[in-house]
Amino acid sequence: MLKFLLKPSLIAFLYCLFTINSVNAVEVSKLDEANVPVSSRAVAERDKALKSALEQVIIKNTGTARSLDNSLIQSQLSNPDTLLSQYGYIEQNGQLLLTASFEHRRIVALLRQAQLPVWGTQRPLTLFWVAMPGDGDTVILGDSSALAERKLFSDFSDARGIPVLLPILDLDELMGINPNDIKGMFADIVASVSGRYQADFLALVAIDATGSQVRYRLNLYTKATIDSLTPPLFSYNGTAENSTQAIEAMMAALGEYYFTKYAIADTGTQQGASVTFVNIQKMAQLVEVERYLKQLSAIKNATLTHIQGHTVTFSLDLFGSETDLQRLLSLEPRISVVAPVSAGEFSPVSNQTGKPVYEWRLP
């Protein structure tokens with residue numbers, strides 16, 4: 001299973017999967033679940049842990065810790081049991097954990113009521129190239145690294161629901177890139193050795209020791225087209241006491257960036273739109289498309305309004321804008337943009353105004 005940071009044991013299989021299917025974005029599961037360390041099964045300890053678990057779930061479904069400052073969310077955090085689906089206890093590496101799951105529809109309804117953006121399950125995959133101190137030298141952090149920082153990326157990925165991938169660092173990659181390429185933010189060089197990873201974004205991270213502190217920098221690029229003059233989409237830098245704090249700061253900042261880009265808030269106004277799919281060959285495709293549209297965080301309602309030949313059109317009521325919708329559709333690996341429909345097919349007015357027409361790929 002693909003769970004946020006891709007596990008080392010799956011990396012070879014996923015490489016093949018990515019290459020064959022061109023999968024980019026990741027469908028993130030367990031957004032309504034959280035594990036919280038506890039010292040005992042006492043009631044007071046349980047109540048405290050359930051509040052913490054709900055905080056984690058709220059953050060995962062919005063993408064930002066700022067959502068916890070909302071007055072309605074604050075009120076609900078005092079009574080997490082009303083949203084609770086189930087809870088229990090597990091033990092991992094000698095640590096007792098309370099594991100809790102909450103009802104997804106009620107979580108989303110709470111966020112909408114609080115007028116907070118909601119981040120859906122389809123999320124961009126980010127490939128991290130990290131140059132940092134290690135073993136007395138500057139190293140590139142790989143997926144199989146024994147350094148503690150590797151687990152930090154994994155833990156934060158799980159906690160925020162941000163899919164993260166670290167490179168394999170096989171011989172081809174080690175011959176094509178060195179830590180100075182990353183520290184110098186030479187995105188074109190990094191991109192040239194990243195072709196096997198069908199990620200949506202590349203993150204170049206440099207961590208340097210400076211006396212008793214560390215200095216860090218993160219540049220984010222789209223993986224599509226990068227040359228030596230391509231500016232970063234997003235940049236973040238600063239100093240921290242150690243690499244742990246540096247990674248937490250960078251990942252939090254990245255979460256905020258994705259929050260502003262992909263989380264959808266209810267505008268409070270009636271926003272209508274339509275979306276057209278062509279080459280729908282089977283009823284199963286139509287069912288999949290409708291199910292997919294109805295779960296998108298940008299869509300209130302989706303109604304099938306036109307069918308002609310192999311072309312279908314849905315009328316939509318949106319929470320956000322059509323731009324928000326198109327941004328989310330671009331993350332779905334089963335969807336591709338195609339040329340406008342032919343004259344023999346149904347062609348709604350929206351297609352004549354330059355809006356994209358989509359195709360739902362068969363498995």
# chains A, B, ... in the order shown; residues from 1 in each chain; ligands from 1
call {"tool": "select_by_dssp", "arguments": {"residues": "range 118-331 of chain A", "states": "alpha helix (DSSP H)", "output": "PyMOL selection string"}}
result
chain A and resi 148-160+171-176+179-183+187-192+243-262+283-295+322-329
call {"tool": "closest_residue", "arguments": {"among": "A:Pro80, A:Gly272, A:Gly63, A:Gly320", "to": "Ala49 in chain A", "atoms": "only C-alpha atoms"}}
result
A:Pro80
call {"tool": "atom_distance", "arguments": {"atom1": "CA of Gln86 in chain A", "atom2": "CA of Gly120 in chain A"}}
result
22.0 Å
call {"tool": "select_by_dssp", "arguments": {"residues": "range 89-298 of chain A", "states": "strand (DSSP E or B)", "output": "PyMOL selection string"}}
result
chain A and resi 89-92+95-102+118+122-123+126-134+137-140+164-165+201-210+213-222+234-240+264+271-278
call {"tool": "write_last_selection", "arguments": {"atoms": "C-alpha atoms", "output": "PDB file, in the first residue's frame"}}
result
ATOM      1  CA  TYR A  89      -5.027   0.780  21.799  1.00  0.00           C
ATOM      2  CA  ILE A  90      -1.994  -0.725  20.097  1.00  0.00           C
ATOM      3  CA  GLU A  91       1.626  -1.136  21.116  1.00  0.00           C
ATOM      4  CA  GLN A  92       4.510  -0.273  18.808  1.00  0.00           C
ATOM      5  CA  GLN A  95       5.067   2.468  23.197  1.00  0.00           C
ATOM      6  CA  LEU A  96       1.337   2.372  23.982  1.00  0.00           C
ATOM      7  CA  LEU A  97      -0.701   4.259  21.369  1.00  0.00           C
ATOM      8  CA  LEU A  98      -4.330   5.287  21.306  1.00  0.00           C
ATOM      9  CA  THR A  99      -5.633   4.839  17.772  1.00  0.00           C
ATOM     10  CA  ALA A 100      -8.788   6.766  16.856  1.00  0.00           C
ATOM     11  CA  SER A 101     -10.900   7.137  13.725  1.00  0.00           C
ATOM     12  CA  PHE A 102     -13.547   9.787  13.131  1.00  0.00           C
ATOM     13  CA  VAL A 118     -11.120  21.188   2.734  1.00  0.00           C
ATOM     14  CA  GLN A 122      -6.075  13.263  -4.205  1.00  0.00           C
ATOM     15  CA  ARG A 123      -2.827  15.019  -3.346  1.00  0.00           C
ATOM     16  CA  THR A 126       6.630  15.554  -4.009  1.00  0.00           C
ATOM     17  CA  LEU A 127      10.089  14.127  -4.717  1.00  0.00           C
ATOM     18  CA  PHE A 128      12.584  15.429  -2.144  1.00  0.00           C
ATOM     19  CA  TRP A 129      16.289  15.815  -2.937  1.00  0.00           C
ATOM     20  CA  VAL A 130      17.975  16.654   0.362  1.00  0.00           C
ATOM     21  CA  ALA A 131      21.661  17.549   0.840  1.00  0.00           C
ATOM     22  CA  MET A 132      22.663  17.512   4.508  1.00  0.00           C
ATOM     23  CA  PRO A 133      25.502  16.685   6.919  1.00  0.00           C
ATOM     24  CA  GLY A 134      26.034  12.979   7.502  1.00  0.00           C
ATOM     25  CA  ASP A 137      30.496  14.803   5.006  1.00  0.00           C
ATOM     26  CA  THR A 138      27.622  16.242   3.000  1.00  0.00           C
ATOM     27  CA  VAL A 139      25.318  13.479   1.783  1.00  0.00           C
ATOM     28  CA  ILE A 140      22.113  13.078  -0.190  1.00  0.00           C
ATOM     29  CA  VAL A 164       6.602  12.420  -0.036  1.00  0.00           C
ATOM     30  CA  LEU A 165       9.122  10.412  -2.039  1.00  0.00           C
ATOM     31  CA  PHE A 201       6.823  18.425  -7.771  1.00  0.00           C
ATOM     32  CA  LEU A 202      10.551  18.459  -7.039  1.00  0.00           C
ATOM     33  CA  ALA A 203      11.741  19.853  -3.702  1.00  0.00           C
ATOM     34  CA  LEU A 204      15.418  20.769  -3.402  1.00  0.00           C
ATOM     35  CA  VAL A 205      16.512  21.030   0.234  1.00  0.00           C
ATOM     36  CA  ALA A 206      19.880  22.134   1.587  1.00  0.00           C
ATOM     37  CA  ILE A 207      20.723  21.804   5.297  1.00  0.00           C
ATOM     38  CA  ASP A 208      24.075  23.162   6.516  1.00  0.00           C
ATOM     39  CA  ALA A 209      25.631  23.275   9.975  1.00  0.00           C
ATOM     40  CA  THR A 210      26.563  26.818  11.052  1.00  0.00           C
ATOM     41  CA  GLN A 213      22.661  25.986  14.531  1.00  0.00           C
ATOM     42  CA  VAL A 214      21.687  24.756  11.094  1.00  0.00           C
ATOM     43  CA  ARG A 215      20.737  26.825   8.079  1.00  0.00           C
ATOM     44  CA  TYR A 216      18.125  25.434   5.712  1.00  0.00           C
ATOM     45  CA  ARG A 217      16.609  26.256   2.365  1.00  0.00           C
ATOM     46  CA  LEU A 218      13.804  24.679   0.310  1.00  0.00           C
ATOM     47  CA  ASN A 219      12.982  25.413  -3.326  1.00  0.00           C
ATOM     48  CA  LEU A 220       9.923  23.806  -4.914  1.00  0.00           C
ATOM     49  CA  TYR A 221       9.584  23.236  -8.667  1.00  0.00           C
ATOM     50  CA  THR A 222       7.011  21.640 -10.893  1.00  0.00           C
ATOM     51  CA  PHE A 234       7.889  28.374  -3.738  1.00  0.00           C
ATOM     52  CA  SER A 235      10.977  29.077  -1.634  1.00  0.00           C
ATOM     53  CA  TYR A 236      11.501  28.919   2.114  1.00  0.00           C
ATOM     54  CA  ASN A 237      14.616  29.329   4.253  1.00  0.00           C
ATOM     55  CA  GLY A 238      15.764  30.057   7.795  1.00  0.00           C
ATOM     56  CA  THR A 239      17.839  28.816  10.723  1.00  0.00           C
ATOM     57  CA  ALA A 240      17.009  26.275  13.411  1.00  0.00           C
ATOM     58  CA  ILE A 264     -11.129  24.439  -1.302  1.00  0.00           C
ATOM     59  CA  GLN A 271     -21.134  28.778  -8.377  1.00  0.00           C
ATOM     60  CA  GLY A 272     -22.167  26.585 -11.306  1.00  0.00           C
ATOM     61  CA  ALA A 273     -20.007  24.851 -13.898  1.00  0.00           C
ATOM     62  CA  SER A 274     -19.976  21.903 -16.257  1.00  0.00           C
ATOM     63  CA  VAL A 275     -17.422  19.267 -17.174  1.00  0.00           C
ATOM     64  CA  THR A 276     -17.380  17.082 -20.283  1.00  0.00           C
ATOM     65  CA  PHE A 277     -15.803  13.647 -20.743  1.00  0.00           C
ATOM     66  CA  VAL A 278     -15.346  11.938 -24.101  1.00  0.00           C
TER      67      VAL A 278
END
call {"tool": "decode", "arguments": {"residues": "range 165-292 of chain A", "atoms": "C-alpha atoms", "output": "PDB file, in the first residue's frame"}}
result
ATOM      1  CA  LEU A 165       9.122  10.412  -2.039  1.00  0.00           C
ATOM      2  CA  LEU A 166      12.879  10.167  -1.461  1.00  0.00           C
ATOM      3  CA  PRO A 167      15.250   8.987  -4.233  1.00  0.00           C
ATOM      4  CA  ILE A 168      16.569   5.430  -4.483  1.00  0.00           C
ATOM      5  CA  LEU A 169      20.143   6.695  -4.990  1.00  0.00           C
ATOM      6  CA  ASP A 170      21.282   3.870  -7.240  1.00  0.00           C
ATOM      7  CA  LEU A 171      24.490   4.038  -9.259  1.00  0.00           C
ATOM      8  CA  ASP A 172      22.930   5.975 -12.144  1.00  0.00           C
ATOM      9  CA  GLU A 173      21.709   8.704  -9.798  1.00  0.00           C
ATOM     10  CA  LEU A 174      24.960   8.897  -7.851  1.00  0.00           C
ATOM     11  CA  MET A 175      26.850   9.274 -11.139  1.00  0.00           C
ATOM     12  CA  GLY A 176      24.491  11.999 -12.349  1.00  0.00           C
ATOM     13  CA  ILE A 177      24.174  14.191  -9.254  1.00  0.00           C
ATOM     14  CA  ASN A 178      26.163  15.230  -6.200  1.00  0.00           C
ATOM     15  CA  PRO A 179      25.232  17.132  -3.018  1.00  0.00           C
ATOM     16  CA  ASN A 180      26.609  20.414  -4.381  1.00  0.00           C
ATOM     17  CA  ASP A 181      24.065  20.313  -7.226  1.00  0.00           C
ATOM     18  CA  ILE A 182      21.315  20.292  -4.605  1.00  0.00           C
ATOM     19  CA  LYS A 183      22.959  22.877  -2.343  1.00  0.00           C
ATOM     20  CA  GLY A 184      23.422  25.144  -5.362  1.00  0.00           C
ATOM     21  CA  MET A 185      19.737  24.683  -6.259  1.00  0.00           C
ATOM     22  CA  PHE A 186      20.602  23.552  -9.786  1.00  0.00           C
ATOM     23  CA  ALA A 187      17.093  22.361 -10.514  1.00  0.00           C
ATOM     24  CA  ASP A 188      17.833  21.467 -14.144  1.00  0.00           C
ATOM     25  CA  ILE A 189      20.536  18.984 -13.096  1.00  0.00           C
ATOM     26  CA  VAL A 190      18.313  17.466 -10.426  1.00  0.00           C
ATOM     27  CA  ALA A 191      15.419  17.207 -12.867  1.00  0.00           C
ATOM     28  CA  SER A 192      17.626  15.387 -15.379  1.00  0.00           C
ATOM     29  CA  VAL A 193      18.077  12.455 -12.965  1.00  0.00           C
ATOM     30  CA  SER A 194      14.471  12.476 -11.746  1.00  0.00           C
ATOM     31  CA  GLY A 195      12.775  11.152 -14.855  1.00  0.00           C
ATOM     32  CA  ARG A 196      11.979   7.731 -13.394  1.00  0.00           C
ATOM     33  CA  TYR A 197       9.917   9.305 -10.602  1.00  0.00           C
ATOM     34  CA  GLN A 198       6.503  10.400 -11.821  1.00  0.00           C
ATOM     35  CA  ALA A 199       6.120  12.986  -9.072  1.00  0.00           C
ATOM     36  CA  ASP A 200       4.203  16.239  -9.467  1.00  0.00           C
ATOM     37  CA  PHE A 201       6.823  18.425  -7.771  1.00  0.00           C
ATOM     38  CA  LEU A 202      10.551  18.459  -7.039  1.00  0.00           C
ATOM     39  CA  ALA A 203      11.741  19.853  -3.702  1.00  0.00           C
ATOM     40  CA  LEU A 204      15.418  20.769  -3.402  1.00  0.00           C
ATOM     41  CA  VAL A 205      16.512  21.030   0.234  1.00  0.00           C
ATOM     42  CA  ALA A 206      19.880  22.134   1.587  1.00  0.00           C
ATOM     43  CA  ILE A 207      20.723  21.804   5.297  1.00  0.00           C
ATOM     44  CA  ASP A 208      24.075  23.162   6.516  1.00  0.00           C
ATOM     45  CA  ALA A 209      25.631  23.275   9.975  1.00  0.00           C
ATOM     46  CA  THR A 210      26.563  26.818  11.052  1.00  0.00           C
ATOM     47  CA  GLY A 211      28.129  26.784  14.494  1.00  0.00           C
ATOM     48  CA  SER A 212      25.533  25.654  17.023  1.00  0.00           C
ATOM     49  CA  GLN A 213      22.661  25.986  14.531  1.00  0.00           C
ATOM     50  CA  VAL A 214      21.687  24.756  11.094  1.00  0.00           C
ATOM     51  CA  ARG A 215      20.737  26.825   8.079  1.00  0.00           C
ATOM     52  CA  TYR A 216      18.125  25.434   5.712  1.00  0.00           C
ATOM     53  CA  ARG A 217      16.609  26.256   2.365  1.00  0.00           C
ATOM     54  CA  LEU A 218      13.804  24.679   0.310  1.00  0.00           C
ATOM     55  CA  ASN A 219      12.982  25.413  -3.326  1.00  0.00           C
ATOM     56  CA  LEU A 220       9.923  23.806  -4.914  1.00  0.00           C
ATOM     57  CA  TYR A 221       9.584  23.236  -8.667  1.00  0.00           C
ATOM     58  CA  THR A 222       7.011  21.640 -10.893  1.00  0.00           C
ATOM     59  CA  LYS A 223       8.490  18.507 -12.414  1.00  0.00           C
ATOM     60  CA  ALA A 224       7.153  19.318 -15.870  1.00  0.00           C
ATOM     61  CA  THR A 225       9.731  21.583 -17.534  1.00  0.00           C
ATOM     62  CA  ILE A 226      12.836  22.841 -15.749  1.00  0.00           C
ATOM     63  CA  ASP A 227      15.890  24.591 -17.138  1.00  0.00           C
ATOM     64  CA  SER A 228      18.667  26.622 -15.559  1.00  0.00           C
ATOM     65  CA  LEU A 229      16.517  29.777 -15.590  1.00  0.00           C
ATOM     66  CA  THR A 230      13.314  28.276 -14.151  1.00  0.00           C
ATOM     67  CA  PRO A 231      12.364  30.125 -10.946  1.00  0.00           C
ATOM     68  CA  PRO A 232      11.008  28.101  -8.002  1.00  0.00           C
ATOM     69  CA  LEU A 233       7.266  27.992  -7.435  1.00  0.00           C
ATOM     70  CA  PHE A 234       7.889  28.374  -3.738  1.00  0.00           C
ATOM     71  CA  SER A 235      10.977  29.077  -1.634  1.00  0.00           C
ATOM     72  CA  TYR A 236      11.501  28.919   2.114  1.00  0.00           C
ATOM     73  CA  ASN A 237      14.616  29.329   4.253  1.00  0.00           C
ATOM     74  CA  GLY A 238      15.764  30.057   7.795  1.00  0.00           C
ATOM     75  CA  THR A 239      17.839  28.816  10.723  1.00  0.00           C
ATOM     76  CA  ALA A 240      17.009  26.275  13.411  1.00  0.00           C
ATOM     77  CA  GLU A 241      18.652  24.671  16.419  1.00  0.00           C
ATOM     78  CA  ASN A 242      18.930  21.300  14.690  1.00  0.00           C
ATOM     79  CA  SER A 243      17.928  19.391  11.566  1.00  0.00           C
ATOM     80  CA  THR A 244      14.758  18.103  13.243  1.00  0.00           C
ATOM     81  CA  GLN A 245      13.411  21.616  13.702  1.00  0.00           C
ATOM     82  CA  ALA A 246      14.583  22.569  10.210  1.00  0.00           C
ATOM     83  CA  ILE A 247      12.691  19.700   8.568  1.00  0.00           C
ATOM     84  CA  GLU A 248       9.567  20.381  10.632  1.00  0.00           C
ATOM     85  CA  ALA A 249       9.658  24.059   9.611  1.00  0.00           C
ATOM     86  CA  MET A 250      10.124  23.274   5.920  1.00  0.00           C
ATOM     87  CA  MET A 251       7.440  20.592   5.834  1.00  0.00           C
ATOM     88  CA  ALA A 252       4.987  22.861   7.657  1.00  0.00           C
ATOM     89  CA  ALA A 253       5.699  25.622   5.135  1.00  0.00           C
ATOM     90  CA  LEU A 254       5.209  23.179   2.266  1.00  0.00           C
ATOM     91  CA  GLY A 255       1.892  22.093   3.776  1.00  0.00           C
ATOM     92  CA  GLU A 256       0.799  25.725   3.906  1.00  0.00           C
ATOM     93  CA  TYR A 257       1.725  26.163   0.241  1.00  0.00           C
ATOM     94  CA  TYR A 258      -0.306  23.136  -0.822  1.00  0.00           C
ATOM     95  CA  PHE A 259      -3.142  24.289   1.433  1.00  0.00           C
ATOM     96  CA  THR A 260      -3.416  27.591  -0.452  1.00  0.00           C
ATOM     97  CA  LYS A 261      -3.200  25.768  -3.793  1.00  0.00           C
ATOM     98  CA  TYR A 262      -5.460  22.748  -3.331  1.00  0.00           C
ATOM     99  CA  ALA A 263      -7.713  23.136  -0.266  1.00  0.00           C
ATOM    100  CA  ILE A 264     -11.129  24.439  -1.302  1.00  0.00           C
ATOM    101  CA  ALA A 265     -13.285  26.748   0.807  1.00  0.00           C
ATOM    102  CA  ASP A 266     -16.999  27.356   0.410  1.00  0.00           C
ATOM    103  CA  THR A 267     -17.363  30.784  -1.225  1.00  0.00           C
ATOM    104  CA  GLY A 268     -20.900  31.100   0.122  1.00  0.00           C
ATOM    105  CA  THR A 269     -22.195  31.936  -3.349  1.00  0.00           C
ATOM    106  CA  GLN A 270     -23.880  29.721  -5.927  1.00  0.00           C
ATOM    107  CA  GLN A 271     -21.134  28.778  -8.377  1.00  0.00           C
ATOM    108  CA  GLY A 272     -22.167  26.585 -11.306  1.00  0.00           C
ATOM    109  CA  ALA A 273     -20.007  24.851 -13.898  1.00  0.00           C
ATOM    110  CA  SER A 274     -19.976  21.903 -16.257  1.00  0.00           C
ATOM    111  CA  VAL A 275     -17.422  19.267 -17.174  1.00  0.00           C
ATOM    112  CA  THR A 276     -17.380  17.082 -20.283  1.00  0.00           C
ATOM    113  CA  PHE A 277     -15.803  13.647 -20.743  1.00  0.00           C
ATOM    114  CA  VAL A 278     -15.346  11.938 -24.101  1.00  0.00           C
ATOM    115  CA  ASN A 279     -14.640   8.340 -25.120  1.00  0.00           C
ATOM    116  CA  ILE A 280     -16.810   6.877 -22.358  1.00  0.00           C
ATOM    117  CA  GLN A 281     -17.004   3.314 -23.670  1.00  0.00           C
ATOM    118  CA  LYS A 282     -18.489   1.438 -20.721  1.00  0.00           C
ATOM    119  CA  MET A 283     -21.103   2.026 -18.058  1.00  0.00           C
ATOM    120  CA  ALA A 284     -18.396   1.241 -15.481  1.00  0.00           C
ATOM    121  CA  GLN A 285     -16.456   4.289 -16.683  1.00  0.00           C
ATOM    122  CA  LEU A 286     -19.491   6.519 -16.262  1.00  0.00           C
ATOM    123  CA  VAL A 287     -20.064   5.200 -12.750  1.00  0.00           C
ATOM    124  CA  GLU A 288     -16.398   5.791 -11.859  1.00  0.00           C
ATOM    125  CA  VAL A 289     -16.458   9.344 -13.216  1.00  0.00           C
ATOM    126  CA  GLU A 290     -19.629  10.227 -11.294  1.00  0.00           C
ATOM    127  CA  ARG A 291     -18.293   8.705  -8.070  1.00  0.00           C
ATOM    128  CA  TYR A 292     -15.002  10.568  -8.493  1.00  0.00           C
TER     129      TYR A 292
END
